[in-house]
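Just start.txt here, compact mmCIF, C-alpha atoms:
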```txt
# COMPACT_ATOMS: atom_id res chain seq x y z
CA MET A 1 4.36 -15.89 -20.12
CA THR A 2 3.70 -17.97 -23.21
CA LEU A 3 0.35 -18.08 -24.94
CA SER A 4 0.19 -21.79 -24.17
CA GLU A 5 -0.21 -20.97 -20.47
CA ARG A 6 -3.70 -20.70 -19.03
CA VAL A 7 -4.97 -18.54 -16.16
CA TYR A 8 -7.70 -19.73 -13.79
CA VAL A 9 -9.73 -16.91 -12.26
CA ILE A 10 -11.72 -16.90 -9.01
CA GLY A 11 -13.72 -13.70 -8.56
CA GLY A 12 -13.65 -12.66 -12.20
CA THR A 13 -17.03 -10.92 -12.39
CA GLY A 14 -16.47 -8.27 -9.70
CA ASN A 15 -14.95 -4.88 -10.44
CA ALA A 16 -11.28 -5.83 -10.01
CA GLY A 17 -11.73 -9.32 -11.42
CA THR A 18 -13.47 -8.04 -14.55
CA ALA A 19 -10.59 -5.67 -15.23
CA ALA A 20 -8.09 -8.51 -14.86
CA VAL A 21 -9.99 -10.88 -17.15
CA LYS A 22 -10.47 -8.24 -19.85
CA GLU A 23 -6.76 -7.39 -19.83
CA LEU A 24 -5.73 -11.03 -20.08
CA LEU A 25 -8.17 -11.74 -22.91
CA LYS A 26 -7.09 -8.59 -24.74
CA ASN A 27 -3.57 -9.99 -24.78
CA GLY A 28 -4.63 -13.37 -26.14
CA ILE A 29 -4.30 -15.28 -22.86
CA SER A 30 -6.57 -18.28 -22.33
CA VAL A 31 -8.71 -17.71 -19.23
CA THR A 32 -11.02 -19.97 -17.27
CA ALA A 33 -13.52 -18.06 -15.12
CA TYR A 34 -15.01 -19.91 -12.15
CA VAL A 35 -18.32 -18.13 -11.55
CA ARG A 36 -21.67 -18.53 -9.82
CA SER A 37 -23.50 -16.93 -12.73
CA PRO A 38 -22.40 -17.97 -16.23
CA ALA A 39 -25.00 -15.57 -17.68
CA LYS A 40 -23.32 -12.62 -15.95
CA ALA A 41 -19.91 -13.72 -17.19
CA GLN A 42 -21.21 -14.01 -20.74
CA ARG A 43 -22.63 -10.48 -20.52
CA LEU A 44 -19.33 -9.11 -19.23
CA PHE A 45 -17.15 -11.02 -21.72
CA PRO A 46 -19.22 -11.65 -24.87
CA ASN A 47 -17.86 -13.59 -27.83
CA GLU A 48 -14.46 -14.37 -26.29
CA PRO A 49 -12.91 -17.45 -27.94
CA ASN A 50 -10.16 -17.67 -25.29
CA LEU A 51 -12.60 -17.71 -22.36
CA THR A 52 -13.92 -20.87 -20.70
CA ILE A 53 -16.69 -20.43 -18.14
CA VAL A 54 -17.08 -22.94 -15.30
CA GLU A 55 -20.13 -22.68 -13.09
CA GLY A 56 -19.32 -23.21 -9.43
CA ASP A 57 -19.23 -21.83 -5.93
CA VAL A 58 -16.34 -21.34 -3.51
CA ASN A 59 -18.24 -23.43 -0.95
CA ASP A 60 -18.33 -26.44 -3.30
CA LEU A 61 -15.04 -26.82 -5.14
CA LYS A 62 -15.78 -30.00 -7.06
CA PRO A 63 -16.22 -28.13 -10.38
CA LEU A 64 -12.89 -26.40 -9.74
CA GLU A 65 -11.15 -29.72 -9.04
CA GLU A 66 -12.47 -31.06 -12.34
CA SER A 67 -11.41 -28.07 -14.43
CA ILE A 68 -8.19 -26.54 -13.05
CA ALA A 69 -5.70 -29.12 -14.36
CA GLY A 70 -3.63 -27.64 -17.19
CA HIS A 71 -3.58 -24.12 -15.76
CA THR A 72 -0.31 -22.53 -14.64
CA ARG A 73 -1.57 -19.39 -12.87
CA LEU A 74 -4.43 -18.52 -10.52
CA PHE A 75 -6.10 -15.17 -9.81
CA LEU A 76 -7.71 -15.44 -6.38
CA LEU A 77 -10.31 -13.01 -5.04
CA VAL A 78 -12.81 -14.12 -2.37
CA ASN A 79 -15.29 -11.83 -0.59
CA ASP A 80 -16.40 -14.14 2.21
CA LEU A 81 -14.66 -12.54 5.23
CA VAL A 82 -16.15 -15.05 7.67
CA ASN A 83 -14.58 -18.09 5.98
CA LEU A 84 -11.81 -16.34 4.06
CA ALA A 85 -8.78 -18.30 5.27
CA LYS A 86 -10.51 -21.67 4.89
CA ILE A 87 -11.82 -20.97 1.38
CA LYS A 88 -8.64 -19.41 0.02
CA THR A 89 -6.42 -22.11 1.47
CA GLU A 90 -8.54 -24.93 0.06
CA ILE A 91 -8.53 -23.31 -3.38
CA ALA A 92 -4.78 -22.72 -3.30
CA GLN A 93 -4.07 -26.27 -2.11
CA LYS A 94 -6.11 -27.76 -4.94
CA ALA A 95 -4.54 -25.41 -7.47
CA TYR A 96 -0.94 -26.13 -6.47
CA ALA A 97 -1.64 -29.89 -6.34
CA ARG A 98 -2.90 -29.78 -9.92
CA GLY A 99 0.04 -27.92 -11.38
CA VAL A 100 -0.58 -24.21 -10.78
CA LYS A 101 2.81 -22.50 -10.36
CA GLN A 102 1.70 -19.01 -9.29
CA VAL A 103 -1.19 -17.68 -7.22
CA VAL A 104 -1.93 -13.94 -7.32
CA ASP A 105 -4.11 -13.18 -4.31
CA ILE A 106 -6.18 -10.05 -3.68
CA SER A 107 -5.79 -9.46 0.03
CA SER A 108 -6.23 -6.12 1.85
CA LEU A 109 -4.08 -3.28 3.13
CA ALA A 110 -5.52 -4.18 6.53
CA ALA A 111 -3.21 -7.22 6.50
CA ALA A 112 -0.32 -4.77 6.96
CA TYR A 113 -1.77 -3.43 10.21
CA PRO A 114 -0.20 -4.61 13.48
CA TRP A 115 -1.02 -8.25 14.33
CA ARG A 116 -4.68 -8.77 15.31
CA SER A 117 -5.37 -5.03 15.48
CA SER A 118 -8.52 -5.03 13.33
CA PRO A 119 -11.17 -7.64 12.40
CA SER A 120 -10.46 -7.27 8.69
CA GLY A 121 -6.72 -7.40 9.25
CA ILE A 122 -7.05 -10.62 11.24
CA VAL A 123 -8.88 -12.57 8.54
CA HIS A 124 -6.57 -11.41 5.75
CA GLN A 125 -3.44 -12.07 7.82
CA GLU A 126 -4.68 -15.57 8.62
CA ALA A 127 -5.51 -16.26 4.97
CA GLU A 128 -2.10 -15.11 3.76
CA GLN A 129 -0.22 -17.11 6.39
CA SER A 130 -2.28 -20.22 5.78
CA ILE A 131 -1.41 -20.21 2.07
CA LEU A 132 2.25 -19.49 2.78
CA ASP A 133 2.28 -22.57 5.02
CA ILE A 134 1.12 -24.97 2.27
CA PRO A 135 3.87 -27.58 1.79
CA ASN A 136 5.61 -27.74 -1.60
CA ARG A 137 3.55 -24.89 -2.97
CA GLY A 138 4.25 -22.67 -5.95
CA THR A 139 4.80 -18.92 -5.67
CA PHE A 140 2.32 -16.69 -3.85
CA VAL A 141 2.02 -13.03 -4.84
CA THR A 142 -0.08 -10.89 -2.52
CA LEU A 143 -1.75 -7.64 -3.55
CA ARG A 144 -2.94 -5.47 -0.65
CA PRO A 145 -5.30 -2.77 -1.95
CA GLY A 146 -6.42 0.21 0.08
CA LEU A 147 -9.98 1.52 0.06
CA PHE A 148 -11.74 0.58 -3.18
CA MET A 149 -12.89 3.67 -5.08
CA SER A 150 -16.04 1.71 -5.92
CA ASN A 151 -16.99 1.88 -2.22
CA HIS A 152 -18.53 5.24 -3.04
CA PHE A 153 -21.35 3.47 -4.84
CA TRP A 154 -22.58 1.57 -1.80
CA LEU A 155 -21.09 3.10 1.35
CA ASP A 156 -21.63 6.75 0.36
CA LEU A 157 -24.50 6.46 -2.10
CA HIS A 158 -27.29 6.76 0.48
CA SER A 159 -26.00 9.96 2.14
CA ILE A 160 -25.18 11.55 -1.22
CA GLN A 161 -28.63 10.86 -2.62
CA ALA A 162 -30.49 11.73 0.59
CA ALA A 163 -28.55 14.75 1.84
CA ASN A 164 -25.80 15.68 -0.66
CA THR A 165 -23.11 14.79 1.86
CA ILE A 166 -20.49 12.20 2.66
CA VAL A 167 -19.95 11.25 6.28
CA ASP A 168 -17.05 9.92 8.33
CA ILE A 169 -15.66 10.09 11.86
CA GLN A 170 -12.51 12.08 11.11
CA GLU A 171 -11.61 15.74 10.71
CA PRO A 172 -12.05 17.22 7.20
CA GLU A 173 -8.28 17.36 6.63
CA ALA A 174 -7.78 13.65 7.37
CA VAL A 175 -6.33 11.77 4.41
CA GLN A 176 -7.58 8.38 3.20
CA HIS A 177 -5.91 5.89 0.84
CA TRP A 178 -7.78 4.86 -2.31
CA ILE A 179 -7.30 2.42 -5.17
CA SER A 180 -9.18 1.97 -8.42
CA PRO A 181 -10.52 -1.56 -9.00
CA ASN A 182 -9.26 -1.13 -12.56
CA ASP A 183 -5.72 -0.72 -11.24
CA ILE A 184 -6.03 -3.77 -8.99
CA GLY A 185 -7.13 -5.86 -11.96
CA LEU A 186 -4.46 -4.48 -14.29
CA THR A 187 -1.71 -5.04 -11.71
CA ALA A 188 -2.81 -8.64 -11.24
CA ALA A 189 -3.08 -9.24 -14.99
CA ASN A 190 0.40 -7.84 -15.60
CA ILE A 191 1.93 -10.05 -12.90
CA LEU A 192 0.09 -13.09 -14.28
CA GLN A 193 1.73 -12.48 -17.67
CA GLU A 194 5.26 -11.82 -16.45
CA PRO A 195 7.88 -14.45 -15.55
CA ILE A 196 6.91 -16.25 -12.35
CA LYS A 197 10.40 -15.86 -10.88
CA LYS A 198 10.25 -12.08 -11.28
CA HIS A 199 7.67 -11.68 -8.50
CA GLY A 200 8.27 -14.80 -6.40
CA ASP A 201 6.40 -14.42 -3.09
CA ALA A 202 6.19 -10.63 -3.39
CA VAL A 203 3.76 -8.47 -1.40
CA TYR A 204 2.57 -5.23 -2.99
CA ASP A 205 0.58 -2.54 -1.18
CA LEU A 206 -1.72 -0.83 -3.71
CA ILE A 207 -2.58 2.83 -3.08
CA GLY A 208 -3.33 4.90 -6.16
CA ASP A 209 -4.48 8.16 -4.58
CA ALA A 210 -4.41 9.83 -1.17
CA VAL A 211 -7.22 12.34 -0.66
CA SER A 212 -8.51 14.28 2.33
CA LEU A 213 -12.19 14.07 3.23
CA LYS A 214 -12.60 17.75 2.41
CA ASP A 215 -11.03 17.27 -1.03
CA ARG A 216 -13.12 14.14 -1.61
CA ALA A 217 -16.29 16.20 -1.10
CA GLU A 218 -14.97 18.82 -3.53
CA ILE A 219 -14.19 16.14 -6.13
CA LEU A 220 -17.71 14.76 -5.82
CA SER A 221 -19.15 18.28 -6.13
CA LYS A 222 -17.36 18.76 -9.45
CA VAL A 223 -18.23 15.31 -10.76
CA LEU A 224 -21.93 15.54 -9.83
CA ASP A 225 -22.22 19.25 -10.63
CA ARG A 226 -23.85 20.08 -7.30
CA PRO A 227 -22.52 20.90 -3.82
CA ILE A 228 -21.53 17.81 -1.84
CA ALA A 229 -20.53 18.49 1.76
CA TYR A 230 -18.49 16.56 4.27
CA THR A 231 -20.16 15.85 7.62
CA LYS A 232 -18.25 14.55 10.61
CA VAL A 233 -20.27 12.05 12.64
CA THR A 234 -19.62 9.95 15.72
CA ALA A 235 -18.30 6.42 15.50
CA GLU A 236 -21.68 5.21 16.74
CA GLU A 237 -23.49 7.06 13.97
CA GLN A 238 -21.14 5.76 11.30
CA TYR A 239 -21.44 2.21 12.61
CA LYS A 240 -25.21 2.58 12.25
CA ASN A 241 -24.75 3.81 8.67
CA TYR A 242 -22.62 0.79 7.86
CA THR A 243 -24.87 -1.80 9.47
CA GLN A 244 -28.29 -0.37 8.59
CA ALA A 245 -27.92 1.68 5.40
CA ALA A 246 -25.16 -0.46 3.84
CA GLY A 247 -26.20 -3.75 5.46
CA LEU A 248 -22.72 -4.73 6.67
CA PRO A 249 -22.31 -7.34 9.43
CA HIS A 250 -20.77 -6.24 12.73
CA THR A 251 -17.17 -7.30 12.16
CA VAL A 252 -17.02 -5.78 8.67
CA ALA A 253 -18.61 -2.53 9.85
CA PHE A 254 -16.21 -2.30 12.76
CA SER A 255 -13.28 -2.97 10.41
CA PHE A 256 -14.36 -0.09 8.17
CA LEU A 257 -14.21 2.24 11.18
CA LYS A 258 -10.59 1.17 11.55
CA SER A 259 -9.63 1.10 7.88
CA THR A 260 -10.92 4.60 7.14
CA THR A 261 -9.00 6.11 10.07
CA SER A 262 -5.66 4.29 9.89
CA THR A 263 -2.75 6.68 9.40
CA SER A 264 0.03 4.08 9.30
CA ILE A 265 0.08 3.77 5.48
CA LEU A 266 -1.20 6.78 3.56
CA ALA A 267 1.29 7.56 0.78
CA ILE A 268 0.63 6.59 -2.82
CA THR A 269 2.54 3.36 -3.47
CA PRO A 270 6.08 4.27 -4.62
CA GLY A 271 6.75 2.86 -8.06
CA PHE A 272 3.13 1.84 -8.63
CA SER A 273 3.50 2.83 -12.29
CA ILE A 274 6.17 0.10 -12.64
CA LEU A 275 3.57 -2.55 -11.83
CA LEU A 276 0.81 -0.89 -13.86
CA GLY A 277 2.72 0.28 -16.91
CA ARG A 278 1.07 3.69 -16.52
CA ALA A 279 0.19 6.21 -13.82
CA PRO A 280 -2.43 5.02 -11.33
CA GLU A 281 -5.99 6.23 -11.77
CA THR A 282 -6.89 9.15 -9.50
CA LEU A 283 -10.07 9.29 -7.46
CA ALA A 284 -11.30 12.21 -9.58
CA GLN A 285 -10.75 10.25 -12.80
CA TYR A 286 -12.48 7.14 -11.48
CA LEU A 287 -15.54 8.97 -10.16
CA GLU A 288 -15.89 11.01 -13.35
CA THR A 289 -15.85 7.85 -15.46
CA ASN A 290 -18.40 6.13 -13.21
CA LYS A 291 -20.61 9.04 -12.15
CA ALA A 292 -23.72 7.42 -13.64
CA ALA A 293 -23.64 5.04 -10.65
CA PHE A 294 -24.77 7.93 -8.40
CA LEU A 295 -27.90 8.59 -10.44
```
Rendering of file as structure tokens:
Amino acid sequence: MTLSERVYVIGGTGNAGTAAVKELLKNGISVTAYVRSPAKAQRLFPNEPNLTIVEGDVNDLKPLEESIAGHTRLFLLVNDLVNLAKIKTEIAQKAYARGVKQVVDISSLAAAYPWRSSPSGIVHQEAEQSILDIPNRGTFVTLRPGLFMSNHFWLDLHSIQAANTIVDIQEPEAVQHWISPNDIGLTAANILQEPIKKHGDAVYDLIGDAVSLKDRAEILSKVLDRPIAYTKVTAEEQYKNYTQAAGLPHTVAFSFLKSTTSTSILAITPGFSILLGRAPETLAQYLETNKAAFL
């Protein structure tokens, strides 16, 4: 990538997006961040001469249409699972039509599940396919992260604070696949700076650590310096935790029941360090760095 290229970023103020933007700016890349809150973006990225902030919303893309010309790459992260395929496809269409040559999309590991086997998998599969079907498009790189390590701060926070426990529906020895948002952002930023032809229409599963529920409780015990237990609950109880304590809608809550129990893809991504340029962050490292979020 040449310094004359510019990267347009959708979703740049979340955990993974922030990491991507910071890495790009650190390397002197010009970045345009399309955000709902310019004030938040200015707090996250103060005094950055290579950063342009555009206020806008994914449900009204007029500001994007007026500002994306001249950019060669697009980082795409959208959290609206209900309208995911529609929003992502509209953004990608407008980006390609205005000269963007590469889209790096943050999808989900659920997209690798068998066809229409989970609510989350369905929406991500449909979004990926819809973008792939755009006529005369540029390249489309898909990143499929596993469980975000930052999920601990909203899905597990209530039970940790209330009862010093984490809960799930599996046996203590069951292994889950985790990924640091920092590693998602760094992977995307690296791809956005490398030759477009190198990655083409690649798909990369992103799993940085594989940890059993029992070991996860032990990691949290060490990080928080107090005993944290693992408690197995029923699917009905966990669904209630997701919908009431975490406030998730039905389809998202039901998808989490599936995503936390899938055993089809559990190994740490082979060669992940090739994409990152370093070893992936472990769950223990991530939680230690961010333990203040539990307080």
Atom CA of Leu76 of chain A to atom CA of Ser37 of chain A: how many Å, to one decimal?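 Distance reported for this atom pair: 17.1 Å.
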Calculated over only C-alpha atoms, which of the candidates A:Ala279, A:Val175, A:Ile169, A:Leu81 has the smallest distance to Val252 of chain A?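 That would be A:Leu81, the residue with the smallest distance to Val252 of chain A.
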Using Å and a single decimal, report how far atom CA of Pro119 of chain A sits from atom CA of Gly185 of chain A.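 So the answer is 24.8 Å.
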Considering all atoms listed in the file, return as JSON, numbers by chain whatever protein or nucleic-acid residues lie within 10 Å of segment 235-237 of chain A, sequence-local ones (same chain, fewer than 6 positions apart) excluded. {"A": [167, 168, 169, 170, 254, 257]}
d(atom CA of Gly200 of chain A, atom CA of Pro145 of chain A) in Å: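 Going from atom CA of Gly200 of chain A over to atom CA of Pro145 of chain A, I get 18.7 Å.
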Ranking A:Lys240, A:Lys62, A:Gly121, A:Ala188 by minimum distance to Val21 of chain A and counting only C-alpha atoms, which one comes first?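 For Val21 of chain A, the nearest of the candidates is A:Ala188.
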Which residues come within 7 Å of Leu84 of chain A, counting only C-alpha atoms, excluding same-chain residues fewer than 5 positions away, as a ChimeraX atom specification? /A:78,123,127
Please, could you write that set of residues out with C-alpha atoms as an mmCIF file, in the coordinates of the input?
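What landed in part_27.cif:
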```
data_model
loop_
_atom_site.group_PDB
_atom_site.id
_atom_site.type_symbol
_atom_site.label_atom_id
_atom_site.label_comp_id
_atom_site.auth_asym_id
_atom_site.auth_seq_id
_atom_site.Cartn_x
_atom_site.Cartn_y
_atom_site.Cartn_z
ATOM 1 C CA VAL A 78 -12.810 -14.120 -2.370
ATOM 2 C CA VAL A 123 -8.880 -12.570 8.540
ATOM 3 C CA ALA A 127 -5.510 -16.260 4.970
#
```
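The list of residues with at least one atom within 7 Å of Phe294 of chain A, based on all atoms listed in the file and without residues fewer than 3 positions apart in the same chain, reads Phe153, Leu157 and Lys291 of chain A.
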Take the residues from that selection and write them out as a PDB file, in the frame of the given file, keeping C-alpha atoms.
```
ATOM      1  CA  PHE A 153     -21.350   3.470  -4.840  1.00  0.00           C
ATOM      2  CA  LEU A 157     -24.500   6.460  -2.100  1.00  0.00           C
ATOM      3  CA  LYS A 291     -20.610   9.040 -12.150  1.00  0.00           C
TER       4      LYS A 291
END
```
Which is closer to Leu224 of chain A than all the others in A:Ala111, A:Gly11, A:Glu126, A:Glu288, using all atoms listed in the file?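 Closest residue, counting all atoms listed in the file: A:Glu288.
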Set the distance at 7 Å and use all atoms listed in the file: which residues neighbour segment 14-20 of chain A once local chain neighbours fewer than 5 positions away are removed? I'd like the list as a list of chain:residue names. A:Pro181, A:Asn182, A:Ile184, A:Gly185, A:Leu186, A:Ala188, A:Ala189
In terms of the shortest atom-to-atom distance over only C-alpha atoms, which of A:Ile87, A:Val31, A:Leu61, A:Ala284 is closest to Gly12 of chain A?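 With only C-alpha atoms as the atom set, the closest residue is A:Val31.
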Have a look at A:Asn59, A:Gln161, A:Asn151, A:Ser67 and name the one nearest to Arg98 of chain A; count all atoms listed in the file. A:Ser67
With a distance cut-off of 10 Å and only C-alpha atoms, select the neighbouring residues of Pro172 of chain A, excluding the residue or stretch itself and same-chain residues fewer than 4 positions from it, and output the selection as a ChimeraX atom specification. /A:167-168,212-217,230-232
